[in-house]
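Q: Here you go, this is upload_19.cif (mmCIF, C-alpha atoms and all ligand atoms).
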```cif
data_data
#
loop_
_atom_site.label_atom_id
_atom_site.label_comp_id
_atom_site.auth_asym_id
_atom_site.auth_seq_id
_atom_site.Cartn_x
_atom_site.Cartn_y
_atom_site.Cartn_z
CA MET A 1 89.36 -54.12 31.85
CA THR A 2 88.39 -50.91 33.67
CA ASP A 3 87.43 -47.63 32.16
CA ALA A 4 86.63 -44.24 33.63
CA ALA A 5 84.88 -42.66 30.66
CA ASP A 6 82.02 -40.20 30.92
CA VAL A 7 80.80 -41.47 27.57
CA LEU A 8 81.25 -44.85 25.91
CA ILE A 9 80.38 -44.93 22.21
CA LEU A 10 79.64 -48.33 20.67
CA GLY A 11 80.65 -48.12 17.01
CA GLY A 12 83.28 -45.97 15.32
CA GLY A 13 81.71 -45.07 11.97
CA VAL A 14 81.04 -41.49 10.94
CA ILE A 15 78.26 -41.19 13.52
CA GLY A 16 80.31 -42.51 16.45
CA LEU A 17 83.49 -40.65 15.46
CA THR A 18 81.81 -37.27 14.89
CA THR A 19 79.93 -37.58 18.19
CA ALA A 20 83.15 -38.55 19.99
CA TRP A 21 84.92 -35.50 18.55
CA PHE A 22 82.12 -33.09 19.53
CA ALA A 23 81.74 -34.58 23.03
CA ALA A 24 85.51 -34.54 23.66
CA GLU A 25 85.72 -30.94 22.46
CA ALA A 26 83.04 -30.09 25.01
CA GLY A 27 85.24 -31.58 27.73
CA ALA A 28 83.88 -35.12 28.11
CA ARG A 29 86.17 -38.13 28.59
CA VAL A 30 85.18 -40.34 25.69
CA THR A 31 85.91 -43.96 24.84
CA LEU A 32 85.06 -45.42 21.42
CA VAL A 33 84.84 -49.17 21.02
CA ASP A 34 84.62 -50.94 17.67
CA GLN A 35 84.47 -54.56 16.63
CA GLY A 36 86.96 -53.82 13.83
CA ASP A 37 89.02 -50.79 12.91
CA LEU A 38 87.46 -47.34 13.16
CA GLY A 39 85.74 -45.98 10.06
CA GLN A 40 85.93 -49.04 7.84
CA GLN A 41 82.30 -50.00 7.31
CA ALA A 42 79.39 -48.13 5.63
CA SER A 43 80.99 -44.77 6.36
CA TRP A 44 84.09 -45.72 4.38
CA ALA A 45 82.10 -47.33 1.55
CA GLY A 46 79.70 -44.45 0.92
CA ALA A 47 79.84 -41.99 -1.96
CA GLY A 48 79.90 -38.85 0.19
CA ILE A 49 77.12 -37.02 -1.64
CA LEU A 50 75.81 -34.09 0.38
CA ALA A 51 72.47 -32.97 -1.04
CA PRO A 52 71.69 -29.27 -0.67
CA ALA A 53 69.17 -28.01 1.87
CA ASP A 54 67.99 -24.69 3.23
CA LEU A 55 67.56 -24.28 6.98
CA ALA A 56 65.04 -21.43 6.53
CA HIS A 57 62.70 -23.75 4.60
CA ALA A 58 63.14 -26.86 6.77
CA ARG A 59 59.67 -27.84 8.02
CA THR A 60 60.12 -31.23 9.65
CA PRO A 61 62.70 -32.39 12.22
CA TYR A 62 64.25 -34.60 9.49
CA GLU A 63 64.59 -31.61 7.15
CA ARG A 64 66.14 -29.62 10.00
CA LEU A 65 68.60 -32.43 10.72
CA HIS A 66 69.56 -32.42 7.04
CA ALA A 67 69.71 -28.64 6.61
CA GLN A 68 71.64 -28.09 9.83
CA SER A 69 74.16 -30.74 8.79
CA ILE A 70 74.69 -29.14 5.39
CA ALA A 71 75.09 -25.75 7.04
CA LEU A 72 77.72 -27.17 9.43
CA TYR A 73 79.86 -28.93 6.77
CA PRO A 74 82.01 -26.01 5.55
CA ASP A 75 83.16 -24.90 9.03
CA LEU A 76 83.48 -28.46 10.27
CA SER A 77 85.71 -29.33 7.29
CA GLN A 78 87.87 -26.27 7.80
CA LYS A 79 88.22 -27.03 11.51
CA LEU A 80 89.21 -30.63 10.77
CA ARG A 81 91.84 -29.36 8.33
CA GLU A 82 93.22 -26.89 10.88
CA GLN A 83 93.27 -29.44 13.71
CA THR A 84 94.66 -32.40 11.76
CA GLY A 85 96.20 -31.13 8.52
CA ILE A 86 93.89 -33.51 6.62
CA ASP A 87 91.70 -32.15 3.84
CA ASN A 88 88.47 -34.17 3.82
CA GLY A 89 87.73 -33.24 0.20
CA TYR A 90 84.58 -31.28 1.01
CA ARG A 91 83.61 -29.20 -2.00
CA VAL A 92 80.50 -27.74 -3.52
CA CYS A 93 80.66 -29.27 -7.00
CA GLY A 94 77.05 -28.80 -8.16
CA GLY A 95 74.86 -31.61 -9.43
CA LEU A 96 72.74 -32.42 -12.45
CA GLU A 97 69.61 -34.49 -12.05
CA LEU A 98 69.24 -36.10 -15.47
CA PHE A 99 66.07 -36.96 -17.41
CA LEU A 100 66.12 -39.13 -20.49
CA ASP A 101 62.88 -38.14 -22.19
CA SER A 102 60.54 -35.20 -21.99
CA GLY A 103 57.84 -37.37 -20.41
CA GLU A 104 59.90 -37.92 -17.26
CA THR A 105 58.81 -35.58 -14.53
CA SER A 106 61.26 -33.70 -12.36
CA SER A 107 60.09 -33.41 -8.81
CA ASP A 108 59.33 -30.01 -7.38
CA GLU A 109 60.79 -31.22 -4.09
CA TRP A 110 63.95 -29.12 -4.38
CA ARG A 111 62.02 -25.92 -5.03
CA GLY A 112 59.67 -26.70 -2.13
CA GLU A 113 62.69 -27.05 0.14
CA GLY A 114 64.01 -23.65 -0.93
CA VAL A 115 66.99 -25.18 -2.72
CA ALA A 116 68.41 -23.22 -5.66
CA CYS A 117 67.93 -25.09 -8.93
CA ARG A 118 67.64 -24.39 -12.62
CA GLU A 119 66.22 -26.44 -15.45
CA TYR A 120 68.30 -26.95 -18.61
CA LYS A 121 66.51 -27.91 -21.81
CA ARG A 122 68.20 -30.16 -24.33
CA ASP A 123 70.19 -27.63 -26.42
CA GLU A 124 71.56 -25.62 -23.55
CA LEU A 125 72.35 -28.77 -21.56
CA HIS A 126 74.40 -30.35 -24.34
CA ARG A 127 76.17 -27.09 -25.11
CA LEU A 128 77.25 -26.74 -21.46
CA TYR A 129 77.96 -30.45 -20.86
CA PRO A 130 79.03 -31.89 -24.25
CA TYR A 131 80.17 -35.20 -22.71
CA LEU A 132 76.57 -36.20 -21.82
CA ALA A 133 74.98 -38.90 -24.01
CA PRO A 134 72.43 -37.66 -26.60
CA SER A 135 69.75 -39.72 -24.82
CA VAL A 136 69.78 -37.16 -21.97
CA GLU A 137 66.88 -34.86 -22.78
CA ARG A 138 67.07 -32.29 -19.98
CA ALA A 139 68.39 -31.78 -16.47
CA LEU A 140 67.86 -29.92 -13.24
CA PHE A 141 71.04 -28.15 -12.12
CA LEU A 142 71.56 -27.97 -8.36
CA PRO A 143 74.46 -25.59 -7.72
CA GLY A 144 74.56 -26.37 -3.99
CA MET A 145 75.19 -30.11 -4.37
CA ALA A 146 78.41 -30.99 -2.50
CA GLN A 147 80.62 -33.96 -1.74
CA VAL A 148 83.12 -35.18 0.81
CA ARG A 149 85.74 -37.91 0.34
CA ASN A 150 84.74 -40.48 2.92
CA PRO A 151 88.12 -42.13 3.67
CA ARG A 152 89.77 -38.72 4.12
CA HIS A 153 86.91 -37.43 6.26
CA LEU A 154 87.18 -40.48 8.51
CA GLN A 155 90.98 -40.15 8.73
CA ALA A 156 90.54 -36.54 9.80
CA LEU A 157 87.88 -37.44 12.39
CA LYS A 158 90.12 -40.17 13.83
CA ALA A 159 93.06 -37.77 14.09
CA ALA A 160 90.89 -35.05 15.66
CA CYS A 161 89.56 -37.53 18.23
CA ALA A 162 93.05 -38.81 19.03
CA ALA A 163 94.32 -35.24 19.51
CA LEU A 164 91.58 -34.63 22.07
CA GLY A 165 92.40 -37.80 24.02
CA VAL A 166 89.50 -39.96 22.89
CA ARG A 167 90.39 -43.53 23.81
CA ALA A 168 89.83 -45.93 20.91
CA ILE A 169 89.47 -49.66 21.55
CA THR A 170 89.44 -51.55 18.27
CA HIS A 171 88.87 -55.23 17.33
CA CYS A 172 86.69 -55.46 20.40
CA PRO A 173 83.08 -56.47 19.66
CA VAL A 174 80.52 -55.39 22.23
CA GLN A 175 78.59 -58.56 23.07
CA ARG A 176 75.84 -57.18 25.28
CA LEU A 177 74.73 -54.28 27.41
CA ILE A 178 74.28 -55.07 31.09
CA ARG A 179 71.17 -53.40 32.48
CA SER A 180 70.30 -52.80 36.09
CA GLY A 181 66.87 -51.21 36.54
CA ASN A 182 66.66 -48.09 34.40
CA ARG A 183 70.40 -47.85 33.80
CA ILE A 184 73.15 -49.59 31.87
CA GLU A 185 75.91 -50.44 34.30
CA ALA A 186 78.49 -51.89 31.88
CA VAL A 187 78.98 -53.44 28.48
CA GLU A 188 80.41 -56.90 28.00
CA THR A 189 83.06 -57.05 25.27
CA SER A 190 85.43 -59.66 23.89
CA GLN A 191 88.09 -58.02 26.06
CA GLY A 192 86.07 -57.78 29.28
CA ARG A 193 83.72 -55.19 30.76
CA LEU A 194 83.70 -51.48 29.98
CA THR A 195 81.88 -48.92 32.09
CA ALA A 196 80.91 -45.28 31.68
CA GLU A 197 78.36 -42.75 32.92
CA ARG A 198 76.52 -42.75 29.58
CA TYR A 199 76.45 -45.04 26.57
CA LEU A 200 75.67 -44.44 22.90
CA VAL A 201 74.77 -47.19 20.44
CA ALA A 202 76.15 -46.03 17.06
CA ALA A 203 76.80 -49.43 15.56
CA GLY A 204 75.26 -48.78 12.13
CA ALA A 205 73.63 -51.83 10.54
CA TRP A 206 74.64 -53.92 13.56
CA SER A 207 72.73 -51.79 16.09
CA GLU A 208 69.62 -54.00 16.12
CA ALA A 209 71.54 -56.88 17.69
CA LEU A 210 72.63 -54.66 20.59
CA LEU A 211 69.13 -53.25 21.13
CA GLN A 212 67.09 -56.46 20.84
CA PRO A 213 68.06 -57.95 24.23
CA LEU A 214 66.76 -54.71 25.80
CA GLY A 215 63.36 -55.30 24.18
CA PHE A 216 63.65 -53.06 21.10
CA ARG A 217 63.25 -54.21 17.51
CA PRO A 218 63.33 -50.99 15.51
CA GLY A 219 63.99 -52.84 12.25
CA ILE A 220 67.53 -51.60 11.52
CA ARG A 221 68.95 -53.93 8.88
CA PRO A 222 71.84 -54.02 6.41
CA ILE A 223 71.06 -52.75 2.90
CA ARG A 224 74.01 -53.45 0.67
CA GLY A 225 75.32 -50.84 -1.74
CA GLN A 226 77.95 -51.54 -4.39
CA ILE A 227 80.25 -49.00 -6.01
CA ALA A 228 82.69 -49.11 -8.94
CA LEU A 229 85.58 -46.64 -8.94
CA LEU A 230 86.67 -45.56 -12.41
CA ASN A 231 89.79 -43.63 -13.30
CA LEU A 232 89.82 -41.50 -16.43
CA GLY A 233 93.44 -40.48 -15.94
CA ALA A 234 92.73 -36.79 -16.44
CA SER A 235 90.75 -34.62 -14.08
CA ALA A 236 87.07 -34.22 -14.97
CA ALA A 237 85.59 -31.03 -13.56
CA TRP A 238 82.05 -32.37 -13.93
CA PRO A 239 79.16 -31.80 -11.59
CA LEU A 240 77.71 -34.82 -9.82
CA LEU A 241 75.41 -36.68 -12.21
CA LEU A 242 72.28 -38.13 -10.66
CA ARG A 243 69.61 -40.34 -12.09
CA GLY A 244 67.11 -41.90 -9.70
CA LYS A 245 69.03 -43.78 -7.04
CA ARG A 246 72.17 -44.05 -9.19
CA TYR A 247 74.90 -41.51 -9.68
CA LEU A 248 78.37 -40.59 -10.90
CA VAL A 249 80.54 -38.71 -8.42
CA PRO A 250 83.61 -37.09 -10.05
CA ARG A 251 86.31 -36.66 -7.43
CA GLY A 252 88.19 -33.99 -9.36
CA ASP A 253 91.39 -36.02 -9.81
CA GLY A 254 90.20 -38.23 -12.68
CA ARG A 255 88.44 -40.71 -10.39
CA ILE A 256 84.71 -41.20 -10.73
CA LEU A 257 82.55 -43.20 -8.33
CA VAL A 258 79.67 -45.04 -9.92
CA GLY A 259 76.97 -46.03 -7.49
CA SER A 260 74.94 -47.61 -6.23
CA THR A 261 72.78 -50.65 -5.69
CA GLU A 262 70.22 -51.20 -2.94
CA GLU A 263 70.18 -54.88 -1.93
CA ASP A 264 68.72 -56.81 0.97
CA ALA A 265 71.54 -59.36 1.16
CA GLY A 266 72.18 -59.72 4.89
CA PHE A 267 75.58 -59.03 6.41
CA VAL A 268 77.48 -59.92 3.23
CA PRO A 269 79.53 -56.95 2.03
CA GLN A 270 80.63 -58.48 -1.26
CA THR A 271 80.44 -57.20 -4.81
CA THR A 272 78.66 -59.23 -7.47
CA ALA A 273 79.40 -59.47 -11.18
CA SER A 274 75.86 -58.58 -12.25
CA SER A 275 75.56 -55.45 -10.10
CA ILE A 276 78.97 -54.13 -11.09
CA ALA A 277 78.14 -54.82 -14.76
CA ASP A 278 74.86 -52.87 -14.34
CA LEU A 279 76.70 -49.95 -12.78
CA LEU A 280 79.26 -49.85 -15.59
CA THR A 281 76.48 -49.96 -18.22
CA PHE A 282 74.71 -47.15 -16.41
CA ALA A 283 77.89 -45.04 -16.36
CA THR A 284 78.78 -45.51 -20.02
CA SER A 285 75.17 -44.94 -21.10
CA LEU A 286 75.33 -41.46 -19.59
CA VAL A 287 78.92 -40.57 -20.57
CA SER A 288 80.30 -42.73 -23.38
CA GLU A 289 83.86 -41.50 -22.72
CA LEU A 290 83.82 -43.59 -19.54
CA ALA A 291 84.09 -46.77 -21.64
CA ARG A 292 87.86 -46.16 -21.84
CA ALA A 293 88.28 -45.52 -18.09
CA GLU A 294 90.22 -47.95 -15.91
CA VAL A 295 88.13 -49.87 -13.37
CA GLU A 296 90.33 -49.11 -10.38
CA ARG A 297 88.40 -50.82 -7.63
CA CYS A 298 84.93 -52.09 -6.68
CA TRP A 299 83.48 -52.45 -3.21
CA ALA A 300 80.29 -52.92 -1.22
CA GLY A 301 79.10 -51.52 2.09
CA LEU A 302 76.18 -52.16 4.42
CA ARG A 303 73.93 -49.18 4.93
CA PRO A 304 72.05 -49.13 8.22
CA GLY A 305 68.53 -49.32 6.77
CA SER A 306 65.50 -48.34 8.84
CA PRO A 307 61.85 -49.13 8.04
CA ASP A 308 60.93 -45.51 7.23
CA GLY A 309 64.37 -44.35 6.06
CA LYS A 310 64.83 -42.07 9.07
CA PRO A 311 67.44 -42.61 11.78
CA PHE A 312 66.71 -43.50 15.39
CA LEU A 313 68.05 -40.76 17.63
CA GLY A 314 67.67 -40.08 21.34
CA VAL A 315 67.43 -41.75 24.69
CA VAL A 316 66.46 -45.41 24.76
CA PRO A 317 63.02 -45.41 26.44
CA GLY A 318 63.23 -46.69 30.01
CA VAL A 319 67.05 -46.63 30.14
CA ASP A 320 68.16 -43.23 31.39
CA ASN A 321 71.85 -43.42 30.47
CA LEU A 322 71.59 -45.17 27.10
CA PHE A 323 71.25 -43.33 23.80
CA VAL A 324 71.01 -44.41 20.18
CA ALA A 325 72.10 -42.83 16.88
CA ALA A 326 71.62 -45.42 14.16
CA GLY A 327 69.66 -46.22 11.00
CA HIS A 328 70.81 -43.32 8.81
CA PHE A 329 70.35 -45.47 5.70
CA ARG A 330 71.46 -43.58 2.54
CA ALA A 331 72.31 -40.32 4.30
CA GLY A 332 74.67 -40.98 7.19
CA LEU A 333 77.52 -38.84 5.90
CA GLN A 334 75.10 -36.10 5.03
CA LEU A 335 73.34 -36.17 8.41
CA SER A 336 76.40 -36.79 10.60
CA PRO A 337 77.20 -33.22 11.74
CA ALA A 338 73.75 -32.42 13.16
CA THR A 339 73.34 -35.97 14.47
CA ALA A 340 76.61 -35.63 16.38
CA LEU A 341 75.65 -32.22 17.69
CA LEU A 342 72.35 -33.62 19.00
CA MET A 343 74.07 -36.62 20.54
CA LYS A 344 76.70 -34.43 22.18
CA GLU A 345 73.87 -32.35 23.67
CA LEU A 346 72.06 -35.41 25.01
CA LEU A 347 75.20 -37.11 26.32
CA LEU A 348 76.22 -33.96 28.17
CA GLY A 349 72.74 -33.31 29.59
CA GLU A 350 72.05 -30.26 27.41
CA LYS A 351 68.72 -29.41 25.79
CA PRO A 352 68.59 -30.85 22.24
CA THR A 353 68.38 -28.22 19.49
CA ILE A 354 66.09 -30.35 17.30
CA ALA A 355 62.86 -32.00 18.51
CA LEU A 356 63.48 -35.73 18.75
CA ASP A 357 59.97 -37.23 18.72
CA ASP A 358 60.15 -38.18 15.03
CA PHE A 359 63.34 -40.15 15.69
CA ARG A 360 62.20 -42.12 18.76
CA LEU A 361 63.29 -45.72 18.99
CA ASP A 362 59.72 -46.78 19.82
CA ARG A 363 57.99 -44.72 17.11
CA PRO A 364 55.40 -46.51 15.03
CA THR A 365 57.20 -47.30 11.77
CA LEU A 366 56.15 -48.76 8.46
CA PRO A 367 56.82 -52.44 7.89
CA PRO A 368 60.01 -53.06 5.85
CA ALA A 369 59.42 -52.63 2.10
C1 LIG A 401 77.49 -47.74 -1.31
C2 LIG A 401 77.04 -46.71 -0.32
C3 LIG A 401 76.87 -45.39 -0.73
C4 LIG A 401 76.49 -44.41 0.19
N1 LIG A 401 76.43 -43.11 -0.21
C5 LIG A 401 76.14 -42.14 0.68
C6 LIG A 401 76.15 -40.78 0.30
O1 LIG A 401 76.46 -40.45 -0.85
N2 LIG A 401 75.85 -39.84 1.25
C7 LIG A 401 75.51 -40.18 2.52
O2 LIG A 401 75.24 -39.29 3.32
N3 LIG A 401 75.49 -41.47 2.91
C8 LIG A 401 75.78 -42.45 2.02
N4 LIG A 401 75.76 -43.76 2.39
C9 LIG A 401 75.23 -44.11 3.71
C10 LIG A 401 76.24 -43.87 4.80
O3 LIG A 401 77.47 -44.43 4.41
C11 LIG A 401 75.74 -44.49 6.11
O4 LIG A 401 74.45 -44.01 6.41
C12 LIG A 401 76.67 -44.13 7.27
O5 LIG A 401 77.99 -44.47 6.95
C13 LIG A 401 76.27 -44.82 8.56
O6 LIG A 401 77.26 -44.52 9.51
P1 LIG A 401 77.34 -45.33 10.88
O7 LIG A 401 78.43 -44.71 11.67
O8 LIG A 401 75.97 -45.39 11.49
O9 LIG A 401 77.66 -46.83 10.43
P2 LIG A 401 79.03 -47.57 10.07
O10 LIG A 401 79.93 -46.70 9.26
O11 LIG A 401 78.67 -48.88 9.50
O12 LIG A 401 79.73 -47.75 11.47
C14 LIG A 401 79.24 -48.64 12.44
C15 LIG A 401 80.43 -49.13 13.25
O13 LIG A 401 79.97 -49.91 14.34
C16 LIG A 401 80.86 -51.00 14.52
N5 LIG A 401 80.15 -52.05 15.24
C17 LIG A 401 79.09 -52.76 14.82
N6 LIG A 401 78.70 -53.65 15.75
C18 LIG A 401 79.55 -53.51 16.80
C19 LIG A 401 79.67 -54.16 18.05
N7 LIG A 401 78.85 -55.13 18.45
N8 LIG A 401 80.68 -53.77 18.87
C20 LIG A 401 81.54 -52.77 18.49
N9 LIG A 401 81.47 -52.14 17.31
C21 LIG A 401 80.48 -52.49 16.47
C22 LIG A 401 81.25 -51.38 13.09
O14 LIG A 401 82.45 -52.12 13.07
C23 LIG A 401 81.38 -50.01 12.43
O15 LIG A 401 82.69 -49.49 12.51
C24 LIG A 401 76.20 -44.76 1.53
C25 LIG A 401 76.40 -46.07 1.94
C26 LIG A 401 76.83 -47.04 1.03
C27 LIG A 401 77.06 -48.44 1.51
#
```
Could you write out this structure as structure tokens?

A:
Amino acid sequence: MTDAADVLILGGGVIGLTTAWFAAEAGARVTLVDQGDLGQQASWAGAGILAPADLAHARTPYERLHAQSIALYPDLSQKLREQTGIDNGYRVCGGLELFLDSGETSSDEWRGEGVACREYKRDELHRLYPYLAPSVERALFLPGMAQVRNPRHLQALKAACAALGVRAITHCPVQRLIRSGNRIEAVETSQGRLTAERYLVAAGAWSEALLQPLGFRPGIRPIRGQIALLNLGASAAWPLLLRGKRYLVPRGDGRILVGSTEEDAGFVPQTTASSIADLLTFATSLVSELARAEVERCWAGLRPGSPDGKPFLGVVPGVDNLFVAAGHFRAGLQLSPATALLMKELLLGEKPTIALDDFRLDRPTLPPA
């Protein structure tokens, strides 16, 4: 198999697809290769929560990556709709961080990050949100909390890439990268060799296996998350409800996502009875009305976990034409616009707009928890 791409992207999740779109828009000839279909793994399985952020208050490169992504979402969503006719479901729906008793402390993190928020005490909270269980004592309202519908977003990205001539090769696992000195000269796939000027590893939880033979063990590993999709039948114009690492995401059409677990279960994307039961108990304990909702579907996805929770972004040290964008853990949808912008800049030889030192592949990281 021959290929004349400027850029070959290994992995067609939200990170690979968004980067392919940006690079193709900038004029690059892009090929995307995936071991399955595009946009079917973690990016499809995620809840699409986009936590608010304020660029003016962003202090660290990670906060800038987050804030820049959030700032890009509205225009990016509109552009996708104009280019493809697909509405990705982006909307600012607000969120409530819930606390069950007055002893629970709300973090001041949001205020420190310049994010608008307002505390509701018990009486006001239950007057405004009468469906919340009496056990909810107070809440922090985050008006800027937003969401995107992952499958629609991915459909739109695929269509936008196709319209710009991005070549997609699916059901074609990349087996290894072939290095010659300080360059990658080809990748070996199940369908033969593919070549390009520059390569990007964006293979999510599977990225470690592609990087290891080159001498890198960043510690990217699959962290399973399960979700139950409920259907109330009638639209629920609720804000997102958040409690610790679990949440309810009302989609606005009667569907409500209940997520999620965090499990170190290897590459096994299956749901389990106990985790789904826990999620359903969690949901009905916050909103008793959900007990009558239909359980429409349950699924699991493999987040690309990294030892310190931050992604690995940038050039692979010692290999001039190989880049990585992987390990986005719980925030890959949220961080995808700015990640793709950075990757487009690197792949096209432009100066990156965010300092990349914190995201280096060879940074000292904490041992896995
Ligand atoms: C239950 C759950 C809830 C989540 N909720 C949120 C949320 O609310 N907000 C948020 O921002 N993020 C959320 N996330 C995290 C987010 O989904 C991920 O961080 C993000 O999808 C990672 O995108 P990716 O493109 O790196 O990986 P993936 O979407 O997994 O894509 C990687 C791609 O690489 C391909 N691939 C792998 N190996 C090879 C190979 N050897 N050759 C060719 N192709 C290969 C795979 O087939 C796949 O298509 C959630 C995740 C889960 C599972």

Q: Which is closest to ligand LIG 401 (chain A) among A:Ala159, A:Leu164, A:Ala203, A:Ala28, if we use only C-alpha atoms and all ligand atoms?

A: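 Checking each candidate against ligand LIG 401 (chain A), we get A:Ala203 as the closest.
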
Q: One decimal, Å: what's the distance from atom O10 of ligand LIG 401 (chain A) over to CA of Thr353 (chain A), could you say?

A: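 Between atom O10 of ligand LIG 401 (chain A) and CA of Thr353 (chain A) the gap works out to 24.1 Å.
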
Q: Enumerate residues in contact with ligand LIG 401 (chain A): an atom-to-atom distance of at most 7 Å, counting all atoms listed in the file. Format the result as an mmCIF file with C-alpha atoms, in the coordinates of the input.

A:
```
data_model
loop_
_atom_site.group_PDB
_atom_site.id
_atom_site.type_symbol
_atom_site.label_atom_id
_atom_site.label_comp_id
_atom_site.auth_asym_id
_atom_site.auth_seq_id
_atom_site.Cartn_x
_atom_site.Cartn_y
_atom_site.Cartn_z
ATOM 1 C CA LEU A 10 79.640 -48.330 20.670
ATOM 2 C CA GLY A 11 80.650 -48.120 17.010
ATOM 3 C CA GLY A 12 83.280 -45.970 15.320
ATOM 4 C CA GLY A 13 81.710 -45.070 11.970
ATOM 5 C CA VAL A 14 81.040 -41.490 10.940
ATOM 6 C CA ILE A 15 78.260 -41.190 13.520
ATOM 7 C CA GLY A 16 80.310 -42.510 16.450
ATOM 8 C CA VAL A 33 84.840 -49.170 21.020
ATOM 9 C CA ASP A 34 84.620 -50.940 17.670
ATOM 10 C CA GLN A 35 84.470 -54.560 16.630
ATOM 11 C CA GLY A 36 86.960 -53.820 13.830
ATOM 12 C CA ASP A 37 89.020 -50.790 12.910
ATOM 13 C CA LEU A 38 87.460 -47.340 13.160
ATOM 14 C CA GLY A 39 85.740 -45.980 10.060
ATOM 15 C CA GLN A 40 85.930 -49.040 7.840
ATOM 16 C CA GLN A 41 82.300 -50.000 7.310
ATOM 17 C CA ALA A 42 79.390 -48.130 5.630
ATOM 18 C CA SER A 43 80.990 -44.770 6.360
ATOM 19 C CA TRP A 44 84.090 -45.720 4.380
ATOM 20 C CA ALA A 45 82.100 -47.330 1.550
ATOM 21 C CA GLY A 46 79.700 -44.450 0.920
ATOM 22 C CA ALA A 47 79.840 -41.990 -1.960
ATOM 23 C CA GLY A 48 79.900 -38.850 0.190
ATOM 24 C CA ILE A 49 77.120 -37.020 -1.640
ATOM 25 C CA LEU A 50 75.810 -34.090 0.380
ATOM 26 C CA CYS A 172 86.690 -55.460 20.400
ATOM 27 C CA PRO A 173 83.080 -56.470 19.660
ATOM 28 C CA VAL A 174 80.520 -55.390 22.230
ATOM 29 C CA GLN A 175 78.590 -58.560 23.070
ATOM 30 C CA ALA A 202 76.150 -46.030 17.060
ATOM 31 C CA ALA A 203 76.800 -49.430 15.560
ATOM 32 C CA GLY A 204 75.260 -48.780 12.130
ATOM 33 C CA ALA A 205 73.630 -51.830 10.540
ATOM 34 C CA TRP A 206 74.640 -53.920 13.560
ATOM 35 C CA SER A 207 72.730 -51.790 16.090
ATOM 36 C CA LEU A 210 72.630 -54.660 20.590
ATOM 37 C CA ARG A 224 74.010 -53.450 0.670
ATOM 38 C CA GLY A 225 75.320 -50.840 -1.740
ATOM 39 C CA GLN A 226 77.950 -51.540 -4.390
ATOM 40 C CA ILE A 227 80.250 -49.000 -6.010
ATOM 41 C CA GLY A 259 76.970 -46.030 -7.490
ATOM 42 C CA SER A 260 74.940 -47.610 -6.230
ATOM 43 C CA ALA A 300 80.290 -52.920 -1.220
ATOM 44 C CA GLY A 301 79.100 -51.520 2.090
ATOM 45 C CA LEU A 302 76.180 -52.160 4.420
ATOM 46 C CA ARG A 303 73.930 -49.180 4.930
ATOM 47 C CA PRO A 304 72.050 -49.130 8.220
ATOM 48 C CA ALA A 326 71.620 -45.420 14.160
ATOM 49 C CA GLY A 327 69.660 -46.220 11.000
ATOM 50 C CA HIS A 328 70.810 -43.320 8.810
ATOM 51 C CA PHE A 329 70.350 -45.470 5.700
ATOM 52 C CA ARG A 330 71.460 -43.580 2.540
ATOM 53 C CA ALA A 331 72.310 -40.320 4.300
ATOM 54 C CA GLY A 332 74.670 -40.980 7.190
ATOM 55 C CA LEU A 333 77.520 -38.840 5.900
ATOM 56 C CA GLN A 334 75.100 -36.100 5.030
ATOM 57 C CA LEU A 335 73.340 -36.170 8.410
#
```

Q: Let me have the centre and edge lengths of the axis-aligned box enclosing all listed atoms of region 15-19 of chain A with 4 Å padding on every side, in Å to one decimal, as lines of an AutoDock Vina configuration file.

A:
```
center_x = 80.9
center_y = -39.9
center_z = 15.9
size_x = 13.2
size_y = 13.2
size_z = 12.7
```

Q: Using only C-alpha atoms for the distances, tell me which of A:Val295, A:Ala51, A:Ala236, A:Ala56 is nearest to Trp110 (chain A).

A: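 The closest residue to Trp110 (chain A) is A:Ala51.
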
Q: Would you work out the distance separating CA of Ala139 (chain A) from CA of Ala283 (chain A), expressed in Å to one decimal?

A: 16.3 Å

Q: Could you produce a table of the residues of region 331-358 of chain A lying within 12 Å of region 306-312 of chain A, with the nearest pair of atoms per residue and their separation in Å rounded to one decimal, using all atoms listed in the file, ordered by chain and increasing residue number, as a Markdown table?

A:
```
| residue | atom | partner | partner_atom | distance |
| --- | --- | --- | --- | --- |
| A:Ala331 | CA | A:Lys310 | CA | 9.0 |
| A:Gly332 | CA | A:Pro311 | CA | 8.7 |
| A:Leu335 | CA | A:Pro311 | CA | 9.4 |
| A:Ser336 | CA | A:Pro311 | CA | 10.7 |
| A:Thr339 | CA | A:Pro311 | CA | 9.3 |
| A:Leu342 | CA | A:Phe312 | CA | 11.9 |
| A:Met343 | CA | A:Phe312 | CA | 11.3 |
| A:Leu356 | CA | A:Phe312 | CA | 9.1 |
| A:Asp357 | CA | A:Phe312 | CA | 9.8 |
| A:Asp358 | CA | A:Phe312 | CA | 8.5 |
```

Q: Can you tell me how far CA of Arg91 (chain A) sits from CA of Pro239 (chain A), in Å to one decimal?

A: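 Taking CA of Arg91 (chain A) and CA of Pro239 (chain A), their separation equals 10.9 Å.
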
Q: Tell me which of A:Arg167, A:Ala237, A:Gly305, A:Leu157 sits closest to Pro222 (chain A), counting only C-alpha atoms.

A: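 Ranking A:Arg167, A:Ala237, A:Gly305, A:Leu157 by distance to Pro222 (chain A), first place goes to A:Gly305.
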
Q: Compile the contact shell of Leu279 (chain A) as a list in words: residues with an atom at most 10 Å away, counting only C-alpha atoms, same-chain residues fewer than 3 positions apart removed.

A: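 Surrounding residues, per the criterion: Gln226, Ile227, Ala228, Arg246, Tyr247, Leu248, Leu257, Val258, Gly259, Ser260, Thr261, Ser274, Ser275, Ile276, Phe282, Ala283, Thr284 and Ser285 of chain A.
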